[in-house]
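Trainee: File entry01.tsv below, TSV, C-alpha atoms:
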chain	number	residue	atom	x	y	z
A	296	MET	CA	-28.19	-2.07	-0.46
A	297	MET	CA	-25.51	0.61	-0.16
A	298	LYS	CA	-22.81	0.36	-2.80
A	299	PRO	CA	-19.23	0.12	-1.56
A	300	ILE	CA	-17.42	3.45	-1.42
A	301	LEU	CA	-13.69	3.69	-2.16
A	302	ARG	CA	-11.78	6.73	-0.98
A	303	HIS	CA	-8.19	7.67	-1.79
A	304	LEU	CA	-6.12	9.07	1.10
A	305	ASN	CA	-2.62	10.52	1.22
A	306	CYS	CA	-1.21	9.30	4.52
A	307	VAL	CA	2.49	10.08	4.08
A	308	ASP	CA	4.39	13.34	3.65
A	309	ILE	CA	7.95	12.90	2.38
A	310	VAL	CA	10.24	15.52	0.88
A	311	LEU	CA	13.23	14.17	-1.01
A	312	PRO	CA	16.65	15.88	-0.90
A	313	ASP	CA	15.88	17.62	-4.21
A	314	GLN	CA	12.69	18.99	-2.55
A	315	SER	CA	10.40	16.74	-4.59
A	316	PRO	CA	7.24	15.82	-2.66
A	317	VAL	CA	6.27	12.17	-2.22
A	318	CYS	CA	2.87	10.91	-1.13
A	319	GLY	CA	1.48	7.75	0.46
A	320	HIS	CA	-1.57	6.72	-1.57
A	321	CYS	CA	-3.71	4.57	0.74
A	322	LEU	CA	-7.24	3.32	0.10
A	323	LEU	CA	-10.26	3.28	2.38
A	324	LEU	CA	-13.08	0.94	1.44
A	325	GLN	CA	-16.45	1.48	3.09
A	326	GLU	CA	-18.78	-1.50	2.78
A	327	HIS	CA	-21.99	-1.68	4.84
A	328	ASP	CA	-20.95	-0.77	8.40
A	329	ARG	CA	-17.30	-1.72	7.95
A	330	LEU	CA	-14.14	0.09	6.90
A	331	VAL	CA	-11.11	-1.59	5.31
A	332	LEU	CA	-7.74	0.14	4.86
A	333	ILE	CA	-5.34	-0.82	2.11
A	334	ASP	CA	-1.96	0.19	3.51
A	335	THR	CA	-2.02	2.63	6.42
A	336	GLY	CA	0.67	5.26	5.93
A	337	ILE	CA	2.35	6.81	8.95
A	338	GLY	CA	0.57	6.38	12.26
A	339	LEU	CA	-0.63	8.87	14.84
A	340	LEU	CA	1.94	7.72	17.37
A	341	ASP	CA	4.65	8.08	14.72
A	342	THR	CA	3.79	11.77	14.32
A	343	GLN	CA	3.83	12.30	18.09
A	344	ASN	CA	7.02	10.36	18.86
A	345	PRO	CA	8.87	10.01	15.56
A	346	GLN	CA	12.42	9.60	16.85
A	347	GLU	CA	11.37	7.02	19.42
A	348	ARG	CA	9.26	4.97	17.01
A	349	ILE	CA	11.08	5.43	13.70
A	350	GLY	CA	14.52	6.72	14.58
A	351	LYS	CA	16.40	9.76	13.35
A	352	PRO	CA	18.56	7.91	10.78
A	353	LEU	CA	15.51	6.58	8.93
A	354	ILE	CA	13.65	9.88	9.26
A	355	ASP	CA	16.58	11.74	7.72
A	356	ALA	CA	17.21	9.12	5.04
A	357	VAL	CA	13.58	9.02	3.90
A	358	GLY	CA	12.73	12.70	4.36
A	359	TYR	CA	9.63	12.24	6.54
A	360	ARG	CA	7.51	15.23	7.56
A	361	PHE	CA	5.05	14.68	10.39
A	362	ASP	CA	1.55	16.09	10.75
A	363	GLU	CA	-1.11	14.07	12.52
A	364	ARG	CA	-3.78	15.51	10.21
A	365	ASN	CA	-2.31	13.31	7.46
A	366	THR	CA	-2.74	10.08	9.39
A	367	ALA	CA	-5.44	7.64	8.30
A	368	ILE	CA	-7.15	7.76	11.68
A	369	ARG	CA	-7.49	11.56	11.61
A	370	GLN	CA	-8.68	11.52	7.99
A	371	ILE	CA	-11.28	8.87	8.80
A	372	GLU	CA	-12.52	11.02	11.67
A	373	GLY	CA	-12.57	14.01	9.31
A	374	LEU	CA	-14.91	12.08	7.03
A	375	GLY	CA	-17.33	11.71	9.93
A	376	LEU	CA	-16.59	7.99	10.25
A	377	ASP	CA	-15.68	5.98	13.33
A	378	PRO	CA	-12.12	4.56	13.21
A	379	ALA	CA	-13.33	1.68	15.37
A	380	ARG	CA	-15.18	0.45	12.27
A	381	VAL	CA	-11.84	-0.41	10.62
A	382	THR	CA	-12.06	-4.18	10.85
A	383	ASP	CA	-9.29	-5.12	8.40
A	384	CYS	CA	-6.05	-3.70	7.02
A	385	ILE	CA	-4.66	-5.16	3.80
A	386	ILE	CA	-0.92	-4.62	3.57
A	387	SER	CA	1.17	-4.60	0.39
A	388	HIS	CA	4.43	-5.00	2.33
A	389	LEU	CA	5.78	-4.25	5.77
A	390	ASP	CA	7.90	-1.12	5.19
A	391	ASN	CA	7.13	1.42	7.89
A	392	ASP	CA	5.61	4.04	5.61
A	393	HIS	CA	2.96	1.47	4.67
A	394	THR	CA	2.33	0.02	8.15
A	395	GLY	CA	2.99	2.77	10.70
A	396	GLY	CA	-0.74	3.32	11.15
A	397	LEU	CA	-1.55	-0.27	12.14
A	398	PRO	CA	-1.41	0.45	15.91
A	399	ASP	CA	-4.12	3.10	15.41
A	400	PHE	CA	-6.51	0.26	14.59
A	401	PRO	CA	-5.52	-2.33	17.20
A	402	LYS	CA	-8.52	-4.63	16.67
A	403	ALA	CA	-8.17	-4.77	12.89
A	404	ARG	CA	-7.02	-7.99	11.26
A	405	VAL	CA	-3.91	-7.59	9.13
A	406	HIS	CA	-3.87	-9.34	5.74
A	407	LEU	CA	-0.56	-9.98	3.94
A	408	GLY	CA	1.33	-12.49	1.82
A	409	SER	CA	3.21	-15.35	3.43
A	410	GLU	CA	6.52	-14.44	1.76
A	411	GLU	CA	6.39	-10.95	3.24
A	412	LEU	CA	5.84	-12.23	6.75
A	413	ASP	CA	8.69	-14.71	6.26
A	414	ASN	CA	10.91	-11.85	5.11
A	415	PHE	CA	9.95	-9.88	8.21
A	416	HIS	CA	10.69	-12.77	10.58
A	417	ALA	CA	14.01	-13.47	8.83
A	418	GLY	CA	15.36	-10.28	10.36
A	419	ASN	CA	15.55	-8.13	7.23
A	420	PRO	CA	16.91	-4.81	8.59
A	421	ARG	CA	14.59	-2.74	6.40
A	422	TYR	CA	11.65	-3.49	8.71
A	423	LEU	CA	10.75	-1.89	12.01
A	424	ALA	CA	9.20	-4.16	14.63
A	425	ILE	CA	7.01	-1.51	16.21
A	426	PRO	CA	4.09	-1.47	13.71
A	427	LEU	CA	3.30	-5.09	14.66
A	428	ALA	CA	4.28	-4.83	18.32
A	429	HIS	CA	0.61	-4.73	19.40
A	430	GLN	CA	0.34	-8.29	18.01
A	431	PRO	CA	-2.66	-7.92	15.73
A	432	GLU	CA	-4.44	-10.93	14.28
A	433	LEU	CA	-2.59	-11.82	11.08
A	434	VAL	CA	-4.30	-13.39	8.08
A	435	VAL	CA	-1.53	-14.79	5.91
A	436	TYR	CA	-1.94	-15.86	2.28
A	437	PRO	CA	0.26	-18.57	0.72
A	438	PRO	CA	0.77	-19.02	-3.04
A	439	ALA	CA	-2.42	-19.69	-4.99
A	440	VAL	CA	-3.42	-20.99	-8.41
A	441	CYS	CA	-6.02	-18.29	-9.11
A	442	ASP	CA	-5.26	-16.15	-12.16
A	443	TRP	CA	-5.91	-12.40	-12.56
A	444	PHE	CA	-5.00	-11.05	-16.02
A	445	GLY	CA	-2.04	-13.43	-16.12
A	446	PHE	CA	-0.89	-12.71	-12.55
A	447	GLU	CA	-1.16	-14.99	-9.55
A	448	ALA	CA	-4.03	-13.82	-7.32
A	449	ARG	CA	-4.81	-14.58	-3.68
A	450	ARG	CA	-8.42	-13.83	-2.71
A	451	ILE	CA	-8.69	-11.74	0.46
A	452	GLU	CA	-10.93	-13.50	2.97
A	453	ALA	CA	-12.44	-10.65	4.95
A	454	GLY	CA	-16.14	-11.40	4.64
A	455	LEU	CA	-16.63	-8.65	2.05
A	456	ASP	CA	-18.82	-8.53	-1.02
A	457	THR	CA	-16.10	-6.61	-2.86
A	458	GLU	CA	-13.61	-8.83	-4.68
A	459	ILE	CA	-10.11	-8.10	-3.42
A	460	TYR	CA	-6.93	-9.99	-4.31
A	461	LEU	CA	-3.30	-9.86	-3.29
A	462	ILE	CA	-1.26	-9.82	-6.51
A	463	PRO	CA	2.39	-10.88	-6.00
A	464	LEU	CA	4.68	-8.18	-7.43
A	465	PHE	CA	7.93	-9.28	-5.84
A	466	GLY	CA	11.25	-7.46	-5.96
A	467	HIS	CA	10.90	-4.27	-3.93
A	468	THR	CA	10.61	-6.71	-1.03
A	469	LEU	CA	10.62	-10.49	-1.25
A	470	GLY	CA	6.89	-10.60	-0.50
A	471	HIS	CA	5.70	-7.31	-1.98
A	472	CYS	CA	2.15	-7.50	-3.37
A	473	GLY	CA	-0.21	-5.25	-5.23
A	474	ILE	CA	-3.91	-5.24	-4.43
A	475	ALA	CA	-6.64	-5.64	-7.06
A	476	LEU	CA	-10.22	-4.54	-6.34
A	477	ARG	CA	-13.38	-4.80	-8.37
A	478	ILE	CA	-15.45	-1.64	-7.84
A	479	ASP	CA	-18.53	-0.75	-9.93
A	480	ASP	CA	-17.74	-3.62	-12.31
A	481	ALA	CA	-14.29	-2.18	-13.04
A	482	TRP	CA	-10.89	-3.38	-11.87
A	483	LEU	CA	-8.33	-1.24	-10.05
A	484	LEU	CA	-4.79	-2.40	-9.40
A	485	TYR	CA	-2.81	-0.70	-6.66
A	486	VAL	CA	0.81	-1.64	-7.35
A	487	ALA	CA	2.22	-0.11	-4.14
A	488	ASP	CA	6.00	0.30	-4.55
A	489	ALA	CA	6.39	-1.81	-7.70
A	490	TYR	CA	7.20	1.59	-9.15
A	491	TYR	CA	7.84	4.90	-7.40
A	492	LEU	CA	6.68	7.09	-10.30
A	493	ARG	CA	4.30	6.26	-13.13
A	494	ALA	CA	6.91	7.65	-15.52
A	495	GLU	CA	8.96	4.48	-14.96
A	496	LEU	CA	6.48	2.60	-17.13
A	497	ASP	CA	7.38	4.76	-20.13
A	498	ASP	CA	11.07	5.30	-19.40
A	499	GLU	CA	13.05	2.20	-18.45
A	500	ASN	CA	16.03	4.42	-17.60
A	501	HIS	CA	14.17	6.95	-15.47
A	502	PRO	CA	16.51	8.39	-12.78
A	503	VAL	CA	14.22	7.30	-9.95
A	504	GLY	CA	15.09	3.73	-10.93
A	505	GLN	CA	18.43	4.20	-9.18
A	506	LEU	CA	16.64	4.83	-5.88
A	507	ALA	CA	14.29	1.92	-6.53
A	508	ALA	CA	17.26	-0.36	-7.18
A	509	MET	CA	18.91	0.68	-3.92
A	510	ARG	CA	15.73	-0.07	-1.97
A	511	ALA	CA	14.96	-3.41	-3.63
A	512	ASP	CA	15.52	-6.71	-1.86
A	513	ASP	CA	15.89	-8.31	-5.31
A	514	ASN	CA	16.45	-5.72	-8.02
A	515	ALA	CA	16.45	-8.19	-10.91
A	516	LEU	CA	13.07	-9.45	-9.77
A	517	ARG	CA	11.86	-5.85	-9.34
A	518	ILE	CA	12.78	-5.10	-12.96
A	519	THR	CA	11.02	-8.25	-14.16
A	520	THR	CA	7.90	-7.26	-12.22
A	521	LEU	CA	7.99	-3.76	-13.68
A	522	GLY	CA	8.16	-5.25	-17.16
A	523	ARG	CA	5.11	-7.39	-16.46
A	524	ILE	CA	3.21	-4.31	-15.31
A	525	ARG	CA	4.17	-2.51	-18.53
A	526	ASP	CA	2.77	-5.42	-20.52
A	527	LEU	CA	-0.42	-5.40	-18.45
A	528	VAL	CA	-0.99	-1.69	-19.08
A	529	ARG	CA	-0.37	-2.13	-22.80
A	530	LYS	CA	-2.71	-5.12	-23.17
A	531	HIS	CA	-5.44	-3.91	-20.83
A	532	PRO	CA	-5.86	-0.13	-21.02
A	533	GLU	CA	-9.30	-0.53	-19.43
A	534	LEU	CA	-7.65	-1.24	-16.06
A	535	SER	CA	-7.08	1.58	-13.57
A	536	LEU	CA	-3.59	1.27	-12.14
A	537	PHE	CA	-1.71	3.40	-9.64
A	538	GLY	CA	1.17	3.25	-7.18
A	539	TYR	CA	1.86	4.58	-3.71
A	540	HIS	CA	4.31	7.43	-3.98
A	541	ASP	CA	3.53	9.48	-7.11
A	542	PRO	CA	1.75	12.76	-6.16
A	543	ALA	CA	0.75	13.48	-9.76
A	544	GLU	CA	-0.93	10.11	-9.92
A	545	PHE	CA	-2.74	10.62	-6.61
A	546	ILE	CA	-4.32	14.00	-7.39
A	547	PRO	CA	-6.90	12.85	-9.97
A	548	TYR	CA	-8.14	10.12	-7.63
A	549	ALA	CA	-8.32	12.50	-4.69
A	550	LYS	CA	-10.44	14.92	-6.71
A	551	LYS	CA	-12.94	12.17	-7.46
Take the structure from the file and write it as structure tokens.
Mentor:
Amino acid sequence: MMKPILRHLNCVDIVLPDQSPVCGHCLLLQEHDRLVLIDTGIGLLDTQNPQERIGKPLIDAVGYRFDERNTAIRQIEGLGLDPARVTDCIISHLDNDHTGGLPDFPKARVHLGSEELDNFHAGNPRYLAIPLAHQPELVVYPPAVCDWFGFEARRIEAGLDTEIYLIPLFGHTLGHCGIALRIDDAWLLYVADAYYLRAELDDENHPVGQLAAMRADDNALRITTLGRIRDLVRKHPELSLFGYHDPAEFIPYAKK
């Protein structure tokens, strides 16, 4: 039996006003004849029609750069794999830089937490409608009693051998989740946007916290979540943990 293969992809290119680069650290799980994406980055159509699909104000505010070679679909093709084999996309939250690629995999089921979908349907202006406009099949996960290292865990039901859980890490959005995976008998926790830079775990007053506070639906909850992640890292150094936007954090995984 072929062991699952986990690949790390950078599917977002953002340059901040101070010229700092920002990445979009997505995951591609290959199990048997299936592919599963964890967050999607910017989509192919976004790179081809950015102002129509995203809008100039958001493009300018975020600092997007567009190159279709960075999209998940083009990177999957570059690996010699068939994008049609992407059967499921697991989404941390519905911000466009995490979901823009969903239309590139129109038959894939989309897995997400119930609170995040509620936040989307409540009309929160942070979300764009277009990544879900193709009306994919949604698999929505309500609160659960399962425990993962002291965190609530919601088992992803995608017919996979690999254990995958949504881990509620609320604050950045009201339904923001991390994703925990068990690969080669070791746990990885992708915390998405629970922090922007790994340095925030060591420096509670890191300047990027100001940007994180501005972008948070509930900043007090975001800070509480960040504190819980600090405790997790301190108590369980055996865990591999990474976020979405830190280029320095992405590089070692990409090299593997």
Trainee: Using all atoms listed in the file, which protein or nucleic acid residues come within 8 Å of region 531-534 of chain A? Drop anything in the same chain fewer than 5 positions from it, and give the result as a list in words.
Mentor: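 Neighbouring residues, sequence-local ones excluded: Ala481, Trp482, Leu483 and Leu484 of chain A.
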Trainee: Which residue gives the smallest distance to Arg369 (chain A) among A:Leu304, A:Ile354, A:Ile462, A:Leu496, with only C-alpha atoms counted?
Mentor: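 Of all the options, A:Leu304 lies closest to Arg369 (chain A).
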Trainee: I want to know what sits within 12 Å of Ala403 (chain A), based on only C-alpha atoms, with residues of the same chain fewer than 4 positions away left out; could you give that as a list of chain:residue names?
Mentor: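 Everything that qualifies: A:Arg329, A:Leu330, A:Val331, A:Leu332, A:Ile333, A:Thr335, A:Pro378, A:Ala379, A:Arg380, A:Val381, A:Thr382, A:Asp383, A:Cys384, A:Ile385, A:Ile386, A:Gly396, A:Leu397, A:Pro398, A:Asp399, A:Leu427, A:His429, A:Gln430, A:Pro431, A:Glu432, A:Leu433, A:Val434, A:Ala453.
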Trainee: Can you pull out every residue within 10 Å of Glu411 (chain A), counting all atoms listed in the file, but drop anything in the same chain fewer than 2 positions away, and send it as a PyMOL selection string?
Mentor: chain A and resi 386-389+407-409+413-417+435-436+465+468-472
Trainee: With C-alpha atoms kept, could you save the residues just selected as a PDB file, in the frame of the given file?
Mentor:
ATOM      1  CA  ILE A 386      -0.920  -4.620   3.570  1.00  0.00           C
ATOM      2  CA  SER A 387       1.170  -4.600   0.390  1.00  0.00           C
ATOM      3  CA  HIS A 388       4.430  -5.000   2.330  1.00  0.00           C
ATOM      4  CA  LEU A 389       5.780  -4.250   5.770  1.00  0.00           C
ATOM      5  CA  LEU A 407      -0.560  -9.980   3.940  1.00  0.00           C
ATOM      6  CA  GLY A 408       1.330 -12.490   1.820  1.00  0.00           C
ATOM      7  CA  SER A 409       3.210 -15.350   3.430  1.00  0.00           C
ATOM      8  CA  ASP A 413       8.690 -14.710   6.260  1.00  0.00           C
ATOM      9  CA  ASN A 414      10.910 -11.850   5.110  1.00  0.00           C
ATOM     10  CA  PHE A 415       9.950  -9.880   8.210  1.00  0.00           C
ATOM     11  CA  HIS A 416      10.690 -12.770  10.580  1.00  0.00           C
ATOM     12  CA  ALA A 417      14.010 -13.470   8.830  1.00  0.00           C
ATOM     13  CA  VAL A 435      -1.530 -14.790   5.910  1.00  0.00           C
ATOM     14  CA  TYR A 436      -1.940 -15.860   2.280  1.00  0.00           C
ATOM     15  CA  PHE A 465       7.930  -9.280  -5.840  1.00  0.00           C
ATOM     16  CA  THR A 468      10.610  -6.710  -1.030  1.00  0.00           C
ATOM     17  CA  LEU A 469      10.620 -10.490  -1.250  1.00  0.00           C
ATOM     18  CA  GLY A 470       6.890 -10.600  -0.500  1.00  0.00           C
ATOM     19  CA  HIS A 471       5.700  -7.310  -1.980  1.00  0.00           C
ATOM     20  CA  CYS A 472       2.150  -7.500  -3.370  1.00  0.00           C
TER      21      CYS A 472
END
Trainee: Separation of CA of Glu495 (chain A) and CA of Arg517 (chain A), in Å?
Mentor: 12.1 Å
Trainee: So, counting all atoms listed in the file, which residue among A:Leu374, A:Val307, A:Ile474, A:Leu455 is closest to Gly395 (chain A)?
Mentor: A:Val307
Trainee: Give the answer as one residue: which of A:Pro345, A:Arg360, A:Gly454, A:Pro438 has the shortest atom-to-atom distance to Gly319 (chain A), using all atoms listed in the file?
Mentor: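 Looking only at the distances to Gly319 (chain A), the closest residue turns out to be A:Arg360.
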Trainee: I want to know what sits within 10 Å of Arg523 (chain A), based on all atoms listed in the file, with residues of the same chain fewer than 6 positions away left out; could you give that as JSON, numbers by chain?
Mentor: {"A": [445, 446, 464, 517, 529]}
Trainee: When distances are computed from all atoms listed in the file, which of A:Ala475, A:Ala428, A:Ala489, A:Leu412 shows the smallest separation from Glu447 (chain A)?
Mentor: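 Looking at the shortest contact to Glu447 (chain A), the residue is A:Ala475.
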Trainee: Leaving out region 309-315 of chain A and any residue of its chain fewer than 5 positions from it, which residues lie within 9 Å of it when counting all atoms listed in the file, given as number ranges by chain?
Mentor: A: 356-361
Trainee: Hey, can you check how far CA of Glu410 (chain A) sits from CA of Leu339 (chain A)?
Mentor: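 Between CA of Glu410 (chain A) and CA of Leu339 (chain A) the gap works out to 27.7 Å.
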Trainee: Between A:Gly538, A:Arg450, A:Tyr422, A:Phe545, which residue has the minimum interatomic distance to Arg510 (chain A), considering only C-alpha atoms?
Mentor: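 Of A:Gly538, A:Arg450, A:Tyr422, A:Phe545, the one nearest Arg510 (chain A) is A:Tyr422, counting only C-alpha atoms.
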Trainee: Work out how far apart CA of Leu322 (chain A) and CA of Arg302 (chain A) are and give it in Å to one decimal.
Mentor: 5.8 Å
Trainee: Find the residue from A:Ile451, A:Leu536, A:Ile524, A:Cys318 that sits nearest to Thr366 (chain A); use only C-alpha atoms when measuring.
Mentor: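 Among A:Ile451, A:Leu536, A:Ile524, A:Cys318, it is A:Cys318 that comes nearest to Thr366 (chain A).
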